[in-house]
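Structure file query.txt (compact mmCIF, C-alpha atoms) follows.
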```
# COMPACT_ATOMS: atom_id res chain seq x y z
CA LEU A 157 87.04 99.01 103.33
CA SER A 158 86.54 96.42 100.66
CA CYS A 159 86.47 92.74 101.43
CA GLY A 160 89.34 90.62 100.18
CA ILE A 161 89.58 87.12 98.76
CA LEU A 162 92.28 84.52 98.63
CA PRO A 163 94.57 85.22 95.66
CA ALA A 164 93.89 83.06 92.63
CA ARG A 165 96.38 80.34 91.78
CA GLY A 166 99.13 81.82 89.63
CA ALA A 167 97.96 85.40 90.21
CA SER A 168 100.70 88.02 90.42
CA LEU A 169 101.19 89.60 93.83
CA PRO A 170 100.86 93.37 94.29
CA THR A 171 103.86 95.57 94.82
CA ALA A 172 104.53 96.09 98.54
CA PRO A 173 105.82 99.20 100.30
CA ARG A 174 109.58 99.18 100.78
CA TYR A 175 109.44 98.56 104.52
CA MET A 176 107.05 95.63 104.10
CA LEU A 177 109.31 93.90 101.60
CA ALA A 178 112.33 94.34 103.86
CA ALA A 179 110.49 93.24 106.98
CA ALA A 180 109.14 90.05 105.48
CA ALA A 181 112.53 88.38 105.84
CA LEU A 182 112.36 88.90 109.61
CA SER A 183 108.87 87.44 109.94
CA HIS A 184 107.69 83.87 110.20
CA LEU A 185 105.13 84.62 107.49
CA PRO A 186 105.87 86.31 104.14
CA GLY A 187 104.47 89.82 104.14
CA VAL A 188 103.41 89.69 107.82
CA PRO A 189 106.20 91.40 109.78
CA ASN A 190 106.54 91.31 113.55
CA PHE A 191 104.34 88.21 113.69
CA ARG A 192 104.16 85.93 116.70
CA ASP A 193 101.94 83.64 118.72
CA VAL A 194 101.10 84.93 122.21
CA GLY A 195 101.02 81.43 123.67
CA GLY A 196 102.79 79.75 126.57
CA ILE A 197 102.73 82.72 128.98
CA PRO A 198 102.22 81.77 132.65
CA CYS A 199 98.98 83.01 134.22
CA ASP A 200 97.53 82.71 137.71
CA ALA A 201 101.01 82.28 139.21
CA GLY A 202 101.79 79.46 136.81
CA ALA A 203 98.62 77.46 137.41
CA ARG A 204 97.48 78.27 133.85
CA PHE A 205 99.15 79.22 130.57
CA THR A 206 97.99 81.08 127.49
CA ARG A 207 96.93 78.62 124.81
CA PRO A 208 99.22 78.42 121.77
CA GLY A 209 97.65 79.32 118.46
CA VAL A 210 94.75 81.31 119.92
CA LEU A 211 95.98 84.92 120.07
CA LEU A 212 98.31 86.08 117.29
CA ARG A 213 99.80 89.54 116.77
CA SER A 214 101.69 91.33 114.02
CA ALA A 215 102.37 94.54 112.18
CA SER A 216 100.15 95.29 109.19
CA PRO A 217 99.51 92.10 107.17
CA CYS A 218 98.48 94.09 104.09
CA CYS A 219 101.25 92.44 102.06
CA ALA A 220 100.47 88.87 103.09
CA ASN A 221 100.91 86.65 100.05
CA GLY A 222 99.02 83.47 99.22
CA GLN A 223 101.33 81.32 101.34
CA ALA A 224 100.86 83.54 104.40
CA VAL A 225 97.09 83.75 103.95
CA HIS A 226 96.89 79.97 103.68
CA GLU A 227 99.04 79.60 106.80
CA LEU A 228 96.88 82.02 108.78
CA VAL A 229 93.45 80.94 107.58
CA GLY A 230 93.85 77.42 106.23
CA VAL A 231 96.37 76.06 108.74
CA ARG A 232 96.06 78.18 111.89
CA GLY A 233 92.33 78.71 111.43
CA VAL A 234 92.25 82.47 112.03
CA GLY A 235 88.62 83.55 112.08
CA THR A 236 88.98 87.25 112.95
CA VAL A 237 91.58 89.88 112.08
CA LEU A 238 91.31 92.82 114.47
CA ASP A 239 92.72 95.96 112.82
CA LEU A 240 93.36 98.71 115.38
CA ARG A 241 94.19 101.43 112.86
CA SER A 242 92.10 104.38 111.79
CA PRO A 243 90.18 103.89 108.53
CA ASP A 244 92.32 106.49 106.75
CA GLU A 245 95.53 104.86 107.93
CA ALA A 246 94.38 101.43 106.87
CA LEU A 247 93.22 102.66 103.47
CA ALA A 248 96.48 104.52 102.83
CA ASP A 249 98.52 101.43 103.76
CA ASP A 250 96.45 99.16 101.56
CA THR A 251 96.53 101.60 98.65
CA LYS A 252 100.33 101.65 98.72
CA ALA A 253 100.51 97.88 98.83
CA PHE A 254 97.67 96.85 96.56
CA GLN A 255 97.10 99.89 94.38
CA GLY A 256 93.38 99.75 95.07
CA SER A 257 92.85 95.98 94.84
CA SER A 258 91.20 93.87 97.53
CA ARG A 259 92.94 93.09 100.82
CA PRO A 260 93.98 89.46 101.33
CA LEU A 261 92.38 89.23 104.80
CA GLY A 262 89.68 91.86 104.34
CA HIS A 263 86.82 89.37 104.58
CA LEU A 264 87.89 88.53 108.14
CA THR A 265 88.77 92.03 109.31
CA VAL A 266 87.05 93.97 112.08
CA HIS A 267 88.15 97.59 112.55
CA VAL A 268 88.42 99.27 115.93
CA ASN A 269 90.13 102.66 115.75
CA LEU A 270 92.29 102.65 118.86
CA MET A 271 94.34 105.74 117.97
CA ASP A 272 94.64 108.25 115.16
CA SER A 273 96.58 111.43 114.60
CA SER A 274 93.93 113.56 116.30
CA LEU A 275 94.47 111.80 119.63
CA VAL A 276 98.18 112.65 119.65
CA ARG A 277 97.54 116.14 118.25
CA ASN A 278 94.98 116.91 120.97
CA GLY A 279 97.28 115.52 123.65
CA VAL A 280 100.11 117.75 122.49
CA LEU A 281 97.72 120.72 122.35
CA ARG A 282 96.63 120.16 125.94
CA ARG A 283 100.25 120.23 127.02
CA LEU A 284 100.94 123.27 124.90
CA LEU A 285 98.08 125.20 126.50
CA MET A 286 99.87 124.89 129.81
CA SER A 287 102.25 127.51 128.38
CA PRO A 288 100.07 130.23 126.79
CA SER A 289 102.99 132.20 125.35
CA ALA A 290 104.33 129.11 123.56
CA ALA A 291 100.82 128.31 122.29
CA VAL A 292 100.42 131.82 120.86
CA ALA A 293 103.83 131.67 119.19
CA LEU A 294 103.12 128.27 117.64
CA GLY A 295 99.67 129.44 116.54
CA GLY A 296 101.16 132.42 114.77
CA LEU A 297 103.66 130.23 112.93
CA ARG A 298 100.89 127.83 111.92
CA LEU A 299 98.77 130.71 110.61
CA LEU A 300 101.57 132.09 108.45
CA ARG A 301 102.53 128.60 107.29
CA SER A 302 98.95 127.90 106.20
CA MET A 303 98.61 131.06 104.11
CA PRO A 304 98.47 130.52 100.32
CA PRO A 305 101.79 130.43 98.50
CA PRO A 306 102.78 133.42 96.36
CA PRO A 307 102.42 133.29 92.57
CA ASP A 308 105.21 131.41 90.85
CA GLN A 309 105.83 134.03 88.22
CA HIS A 310 106.17 137.80 88.35
CA ALA A 311 103.78 138.04 85.41
CA GLU A 312 101.10 136.21 87.39
CA LEU A 313 101.39 138.75 90.18
CA LEU A 314 100.93 141.61 87.75
CA ALA A 315 97.98 139.85 86.15
CA ARG A 316 96.31 139.42 89.52
CA THR A 317 96.72 143.13 90.25
CA ARG A 318 95.00 143.72 86.89
CA LEU A 319 97.86 145.94 85.74
CA SER A 320 99.51 145.45 82.40
CA ARG A 321 103.27 145.53 82.02
CA THR A 322 103.03 148.71 79.99
CA ARG A 323 101.10 150.58 82.65
CA VAL A 324 103.21 149.59 85.68
CA ALA A 325 106.19 151.70 86.43
CA PRO A 326 109.48 149.75 86.68
CA SER A 327 109.98 150.92 90.27
CA LEU A 328 106.53 149.59 91.28
CA SER A 329 107.23 146.33 89.49
CA ARG A 330 110.45 145.89 91.43
CA SER A 331 108.70 146.74 94.70
CA LEU A 332 106.00 144.16 94.05
CA TRP A 333 108.57 141.50 93.28
CA ARG A 334 110.53 142.26 96.44
CA ALA A 335 107.32 142.05 98.47
CA VAL A 336 106.53 138.66 96.94
CA ALA A 337 110.05 137.43 97.67
CA ARG A 338 109.84 138.59 101.30
CA TYR A 339 106.43 136.97 101.73
CA ALA A 340 107.65 133.68 100.25
CA ALA A 341 110.75 133.68 102.47
CA ALA A 342 108.72 134.48 105.59
CA ARG A 343 106.19 131.75 104.81
CA GLU A 344 108.94 129.17 104.26
CA ALA A 345 110.76 130.18 107.43
CA ALA A 346 107.52 130.00 109.42
CA GLY A 347 106.85 126.51 108.10
CA ALA A 348 110.31 125.30 109.08
CA ALA A 349 110.07 126.91 112.53
CA TYR A 350 106.62 125.39 113.07
CA ASP A 351 107.85 121.91 112.16
CA GLU A 352 110.86 122.29 114.45
CA ARG A 353 108.67 123.27 117.39
CA VAL A 354 106.18 120.45 116.75
CA ALA A 355 109.05 117.97 116.50
CA ALA A 356 110.44 119.29 119.79
CA LEU A 357 107.04 118.81 121.44
CA LEU A 358 106.79 115.26 120.11
CA ALA A 359 110.32 114.51 121.31
CA GLU A 360 109.23 115.38 124.84
CA LEU A 361 106.55 112.69 124.75
CA SER A 362 107.08 109.18 126.05
CA LEU A 363 105.28 106.09 124.83
CA ALA A 364 103.70 105.87 128.26
CA ASP A 365 102.14 109.29 127.57
CA VAL A 366 100.63 108.09 124.29
CA TYR A 367 99.40 104.83 125.80
CA GLU A 368 97.81 106.74 128.69
CA TRP A 369 95.98 108.98 126.21
CA ILE A 370 94.63 105.91 124.41
CA LEU A 371 93.35 104.44 127.66
CA THR A 372 91.88 107.63 129.09
CA ARG A 373 90.66 109.39 125.94
CA ASN A 374 89.59 106.40 123.87
CA GLY A 375 88.18 104.05 126.49
CA ASN A 376 85.11 103.17 124.41
CA ALA A 377 87.32 101.86 121.61
CA VAL A 378 89.46 99.91 124.10
CA ARG A 379 86.34 98.30 125.53
CA ARG A 380 85.06 97.51 122.04
CA ALA A 381 88.36 95.83 121.10
CA LEU A 382 88.26 93.69 124.23
CA GLU A 383 84.65 92.73 123.53
CA VAL A 384 85.48 91.75 119.95
CA CYS A 385 88.19 89.43 121.26
CA ALA A 386 85.90 87.98 123.95
CA GLU A 387 83.30 87.18 121.32
CA ALA A 388 85.68 85.86 118.64
CA LEU A 389 88.34 83.94 120.61
CA PRO A 390 86.09 81.08 121.80
CA ARG A 391 85.23 80.32 118.16
CA ALA A 392 88.57 80.68 116.34
CA PRO A 393 92.03 82.24 116.67
CA VAL A 394 92.33 86.03 116.39
CA LEU A 395 95.10 88.04 114.73
CA VAL A 396 95.51 91.52 116.26
CA HIS A 397 97.51 94.14 114.37
CA CYS A 398 98.04 97.83 113.72
CA THR A 399 100.71 99.32 111.43
CA HIS A 400 103.89 98.77 113.41
CA GLY A 401 102.51 96.01 115.64
CA LYS A 402 104.02 97.50 118.77
CA ASP A 403 101.98 100.30 120.32
CA ARG A 404 98.25 99.83 119.76
CA THR A 405 98.70 96.08 119.34
CA GLY A 406 101.04 95.88 122.32
CA LEU A 407 98.66 97.84 124.51
CA LEU A 408 95.63 95.71 123.67
CA VAL A 409 97.56 92.44 124.03
CA SER A 410 98.79 93.64 127.41
CA LEU A 411 95.20 94.18 128.56
CA LEU A 412 94.18 90.79 127.19
CA LEU A 413 97.02 89.11 129.07
CA HIS A 414 96.08 90.94 132.25
CA ALA A 415 92.52 89.66 131.88
CA ALA A 416 93.97 86.18 131.39
CA GLY A 417 95.75 86.41 134.73
CA ALA A 418 99.33 87.11 133.63
CA SER A 419 101.54 89.06 136.03
CA ALA A 420 102.74 92.58 135.25
CA GLU A 421 106.25 91.19 134.74
CA GLU A 422 105.07 88.58 132.23
CA VAL A 423 102.95 91.15 130.38
CA ALA A 424 105.86 93.58 130.15
CA ALA A 425 108.20 90.82 128.98
CA GLU A 426 105.81 89.84 126.18
CA TYR A 427 105.49 93.49 125.13
CA ALA A 428 109.28 93.81 125.04
CA ARG A 429 109.65 90.91 122.60
CA THR A 430 108.71 93.38 119.86
CA ASP A 431 111.93 95.29 120.47
CA ALA A 432 113.96 92.74 118.51
CA TRP A 433 112.12 93.68 115.31
CA ALA A 434 111.05 97.26 116.03
CA ALA A 435 114.62 98.48 116.57
CA THR A 436 115.89 97.08 113.26
CA ALA A 437 116.19 99.16 110.11
CA GLU A 438 112.97 97.54 108.85
CA GLY A 439 111.11 98.32 112.05
CA ARG A 440 112.35 101.92 112.02
CA ALA A 441 111.22 102.29 108.41
CA ALA A 442 107.74 101.08 109.34
CA GLN A 443 107.61 103.57 112.21
CA GLU A 444 108.90 106.39 110.01
CA ALA A 445 106.24 105.63 107.39
CA MET A 446 103.57 106.54 109.97
CA LEU A 447 104.87 110.11 110.34
CA PRO A 448 104.76 113.07 107.95
CA ALA A 449 108.09 113.19 106.13
CA ARG A 450 108.81 116.74 107.29
CA LEU A 451 108.53 115.63 110.95
CA ALA A 452 110.18 112.22 110.61
CA ALA A 453 113.34 113.90 109.36
CA ARG A 454 113.49 116.06 112.50
CA LEU A 455 112.73 113.37 115.09
CA ASP A 456 114.99 110.87 116.80
CA LEU A 457 112.86 107.76 116.34
CA ASP A 458 114.81 105.54 118.73
CA GLY A 459 112.48 106.18 121.65
CA PHE A 460 109.39 105.55 119.54
CA CYS A 461 110.76 102.36 118.00
CA ARG A 462 111.90 100.60 121.14
CA ALA A 463 109.70 98.38 123.30
CA SER A 464 111.00 98.52 126.84
CA PRO A 465 109.38 96.75 129.83
CA ALA A 466 109.81 100.02 131.72
CA THR A 467 107.23 101.65 129.43
CA LEU A 468 104.47 99.28 130.53
CA HIS A 469 105.49 99.42 134.16
CA GLU A 470 105.24 103.21 134.03
CA LEU A 471 101.86 102.97 132.32
CA TRP A 472 100.49 100.59 134.96
CA ARG A 473 101.78 102.93 137.68
CA ARG A 474 99.75 105.77 136.16
CA VAL A 475 96.69 103.57 135.73
CA GLU A 476 96.88 102.43 139.35
CA ALA A 477 97.27 106.03 140.54
CA ARG A 478 94.13 107.06 138.64
CA TYR A 479 91.90 103.98 138.80
CA GLY A 480 93.34 101.94 141.67
CA SER A 481 94.27 98.99 139.46
CA VAL A 482 94.10 97.73 135.87
CA ASP A 483 90.88 95.94 136.83
CA GLY A 484 89.60 99.27 138.13
CA TYR A 485 90.35 100.82 134.75
CA MET A 486 88.47 98.05 132.95
CA SER A 487 85.48 98.60 135.20
CA ALA A 488 85.66 102.35 134.59
CA ILE A 489 85.39 101.95 130.81
CA GLY A 490 82.56 99.43 131.11
CA VAL A 491 84.27 96.09 130.52
CA ALA A 492 81.85 93.62 132.10
CA PRO A 493 83.09 90.86 134.45
CA SER A 494 81.57 88.36 132.01
CA THR A 495 83.79 89.75 129.23
CA ARG A 496 86.89 89.34 131.37
CA ALA A 497 85.85 85.81 132.34
CA ALA A 498 85.28 84.92 128.68
CA LEU A 499 88.72 86.22 127.78
CA ARG A 500 90.37 84.23 130.57
CA ASP A 501 88.59 81.03 129.55
CA ALA A 502 89.35 81.45 125.85
CA LEU A 503 92.96 82.49 126.27
CA THR A 504 94.19 80.09 128.95
CA ALA A 505 94.27 76.44 129.88
CA PRO A 506 95.39 74.69 133.09
CA ARG A 507 99.05 73.88 133.41
CA PRO A 508 99.78 70.38 132.08
CA PRO A 509 100.34 67.97 134.99
CA ALA A 510 103.90 66.96 135.76
CA GLU A 511 104.82 63.47 134.60
CA GLY A 512 103.42 61.02 137.10
CA GLY A 513 101.77 63.81 139.08
CA PRO A 514 98.13 64.72 139.65
CA ALA A 515 96.29 66.69 136.98
CA ALA A 516 95.57 70.35 137.56
CA GLY A 517 91.80 69.87 137.80
CA GLY A 518 89.23 70.92 135.29
CA GLU A 519 91.39 70.95 132.17
CA ARG A 520 89.50 72.02 129.09
CA GLY A 521 90.07 70.72 125.58
CA GLN A 522 92.95 72.45 123.88
```
Could you write out this structure as structure tokens?
Amino acid sequence: LSCGILPARGASLPTAPRYMLAAAALSHLPGVPNFRDVGGIPCDAGARFTRPGVLLRSASPCCANGQAVHELVGVRGVGTVLDLRSPDEALADDTKAFQGSSRPLGHLTVHVNLMDSSLVRNGVLRRLLMSPSAAVALGGLRLLRSMPPPPDQHAELLARTRLSRTRVAPSLSRSLWRAVARYAAAREAAGAAYDERVAALLAELSLADVYEWILTRNGNAVRRALEVCAEALPRAPVLVHCTHGKDRTGLLVSLLLHAAGASAEEVAAEYARTDAWAATAEGRAAQEAMLPARLAARLDLDGFCRASPATLHELWRRVEARYGSVDGYMSAIGVAPSTRAALRDALTAPRPPAEGGPAAGGERGQ
């Protein structure tokens, strides 16, 4: 993806997608929806806290205007923007917002593809294969749906059969037309039935399922994202984002907070703060924009838009059942102890001493 530059003084801003324009009013920064500072969270049973202004999170900042870019880079000192989207997803988002122009934070952006459509598609397929008859039925519908559409005009059909109008008997002409009509109707019906079945399969998923697939099927990318943060955070603040700012961003921030020493309850509470924005009309529109229109219309998005603490608690239960603990998971994907220590040091500081009380030893510069 191309590198971006700060917008020139007086330059006109690009047209933003509808959901970005609507969401900006709910954000602290224009064009950066679902933005917040992950500071002030108790760690190590309250002995330490996450440093304010170090770890920031948001939905896609592709529509950040000059004021927001100045706030992030010039005032807050953001040195790295960690984009957790797939390259295709990022490019499509930026194309809608900037119509091919440079991204405002592109020169700071590091991409780590934490999840794309293939991860969810393969997860659904694995579940589908548990029922061979359903898999065969869905495969048949997909095959018919993918067949080429019939010619638009009767004349085109006759031309393709290399028969002139004068040489084709009227009865044959009518038979051909009826066959085309039946084929077109069958293809359309198969497409609708396929979409309905796929939507039903997606509706059976929980966010904990998707998060588990990210952790277990994309562990290398998870480790890479953690390593990027461990390298960048000691130097300058980091902004982590995806498209919606809830799922991939929420999952990575949860792992970062765990490495910092936050309790499961504190991590889940921070994750759930996204619910206030994600459940709004603007948040739902952002979520809907990530789905094909034909599926979004058939899905109840409420479950995908909400950010409940129960989702993370269920995820940690599954992780503990498989790896023994979240630390066990990090070890399994190759996150070095030095990486975790670097994250803890960069993200947290000792609790400020109570007035008149002894200092909590070893306080580092804030």
Per-residue nearest contacts segment 383-494 of chain A to segment 215-220 of chain A, cut-off 9 Å, using only C-alpha atoms, as a Markdown table:
```
| residue | atom | partner | partner_atom | distance |
| --- | --- | --- | --- | --- |
| A:Val396 | CA | A:Ala215 | CA | 8.5 |
| A:His397 | CA | A:Ala215 | CA | 5.3 |
| A:Cys398 | CA | A:Ser216 | CA | 5.6 |
| A:Thr399 | CA | A:Ser216 | CA | 4.6 |
| A:His400 | CA | A:Ala215 | CA | 4.7 |
| A:Gly401 | CA | A:Ala215 | CA | 3.8 |
| A:Lys402 | CA | A:Ala215 | CA | 7.4 |
| A:Thr405 | CA | A:Ala215 | CA | 8.2 |
| A:Ala442 | CA | A:Ala215 | CA | 8.9 |
```
- request: For atom CA of Arg373 of chain A and atom CA of Leu407 of chain A, determine how far apart the two atoms are, in Å to one decimal place.
  value: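 It comes out at 14.1 Å.
A straight line drawn from atom CA of Leu371 of chain A to atom CA of His267 of chain A is 17.4 Å long.
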Neighbouring residues of segment 463-473 of chain A were defined as those with any atom within 7 Å, considering all atoms listed in the file; residues of the same chain fewer than 3 positions away were excluded. Please report them as a tab-separated table (two decimals) with C-alpha atoms, in the coordinates of the input.
```tsv
chain	number	residue	atom	x	y	z
A	363	LEU	CA	105.28	106.09	124.83
A	364	ALA	CA	103.70	105.87	128.26
A	368	GLU	CA	97.81	106.74	128.69
A	424	ALA	CA	105.86	93.58	130.15
A	425	ALA	CA	108.20	90.82	128.98
A	427	TYR	CA	105.49	93.49	125.13
A	428	ALA	CA	109.28	93.81	125.04
A	430	THR	CA	108.71	93.38	119.86
A	431	ASP	CA	111.93	95.29	120.47
A	476	GLU	CA	96.88	102.43	139.35
A	477	ALA	CA	97.27	106.03	140.54
```
query: What is the atom CA of Leu238 of chain A-atom CA of Glu426 of chain A distance in Å, reported with one decimal?
result: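 Computing it gives 18.9 Å between the two atoms.
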Edge lengths and centre, in Å to one decimal, as AutoDock Vina command-line options: that's what I need for the box along x, y and z that holds all listed atoms of segment 203-217 of chain A plus 4 Å on each side.
```
--center_x 98.6 --center_y 86.4 --center_z 122.3 --size_x 15.6 --size_y 25.8 --size_z 38.2
```
message: List the spatial neighbours of Val194 of chain A as a count of residues only - criterion: any atom at most 12 Å away, all atoms listed in the file, same-chain residues fewer than 4 positions off excluded.
response: 32
task: Find the residues near Ala386 of chain A: any atom within 8 Å, counting all atoms listed in the file, skip ones fewer than 3 places away on the same chain, and give them as a ChimeraX atom specification.
output: /A:382-383,389-390,495-496,498-499,502
- request: Would you please work out which residue, of A:Ala201, A:Ala432, A:Val378, A:Ala392, is nearest to Leu228 of chain A when using all atoms listed in the file?
  value: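 Of the candidates, the smallest distance to Leu228 of chain A is held by A:Ala392.
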Since the input lacks atoms, please generate N, CA and C atoms for segment 222-235 of chain A and provide them as a PDB file, in the coordinates of the input.
```pdb
ATOM      1  N   GLY A 222      99.871  84.652  99.158  1.00  0.00           N
ATOM      2  CA  GLY A 222      99.020  83.470  99.220  1.00  0.00           C
ATOM      3  C   GLY A 222      99.477  82.459 100.240  1.00  0.00           C
ATOM      4  N   GLN A 223     100.796  82.274 100.365  1.00  0.00           N
ATOM      5  CA  GLN A 223     101.330  81.320 101.340  1.00  0.00           C
ATOM      6  C   GLN A 223     100.978  81.749 102.763  1.00  0.00           C
ATOM      7  N   ALA A 224     101.144  83.045 103.051  1.00  0.00           N
ATOM      8  CA  ALA A 224     100.860  83.540 104.400  1.00  0.00           C
ATOM      9  C   ALA A 224      99.370  83.463 104.703  1.00  0.00           C
ATOM     10  N   VAL A 225      98.531  83.824 103.736  1.00  0.00           N
ATOM     11  CA  VAL A 225      97.090  83.750 103.950  1.00  0.00           C
ATOM     12  C   VAL A 225      96.658  82.316 104.209  1.00  0.00           C
ATOM     13  N   HIS A 226      97.223  81.384 103.453  1.00  0.00           N
ATOM     14  CA  HIS A 226      96.890  79.970 103.680  1.00  0.00           C
ATOM     15  C   HIS A 226      97.351  79.527 105.061  1.00  0.00           C
ATOM     16  N   GLU A 227      98.538  79.961 105.486  1.00  0.00           N
ATOM     17  CA  GLU A 227      99.040  79.600 106.800  1.00  0.00           C
ATOM     18  C   GLU A 227      98.112  80.139 107.897  1.00  0.00           C
ATOM     19  N   LEU A 228      97.715  81.404 107.758  1.00  0.00           N
ATOM     20  CA  LEU A 228      96.880  82.020 108.780  1.00  0.00           C
ATOM     21  C   LEU A 228      95.471  81.438 108.809  1.00  0.00           C
ATOM     22  N   VAL A 229      94.849  81.334 107.638  1.00  0.00           N
ATOM     23  CA  VAL A 229      93.450  80.940 107.580  1.00  0.00           C
ATOM     24  C   VAL A 229      93.280  79.428 107.445  1.00  0.00           C
ATOM     25  N   GLY A 230      94.031  78.840 106.501  1.00  0.00           N
ATOM     26  CA  GLY A 230      93.850  77.420 106.230  1.00  0.00           C
ATOM     27  C   GLY A 230      94.483  76.515 107.258  1.00  0.00           C
ATOM     28  N   VAL A 231      95.653  76.907 107.790  1.00  0.00           N
ATOM     29  CA  VAL A 231      96.370  76.060 108.740  1.00  0.00           C
ATOM     30  C   VAL A 231      96.075  76.450 110.187  1.00  0.00           C
ATOM     31  N   ARG A 232      96.260  77.734 110.500  1.00  0.00           N
ATOM     32  CA  ARG A 232      96.060  78.180 111.890  1.00  0.00           C
ATOM     33  C   ARG A 232      94.591  78.436 112.210  1.00  0.00           C
ATOM     34  N   GLY A 233      93.755  78.562 111.194  1.00  0.00           N
ATOM     35  CA  GLY A 233      92.330  78.710 111.430  1.00  0.00           C
ATOM     36  C   GLY A 233      91.880  80.062 111.912  1.00  0.00           C
ATOM     37  N   VAL A 234      92.632  81.128 111.590  1.00  0.00           N
ATOM     38  CA  VAL A 234      92.250  82.470 112.030  1.00  0.00           C
ATOM     39  C   VAL A 234      90.853  82.800 111.521  1.00  0.00           C
ATOM     40  N   GLY A 235      89.992  83.220 112.444  1.00  0.00           N
ATOM     41  CA  GLY A 235      88.620  83.550 112.080  1.00  0.00           C
ATOM     42  C   GLY A 235      88.325  85.029 112.118  1.00  0.00           C
TER      43      GLY A 235
END
```
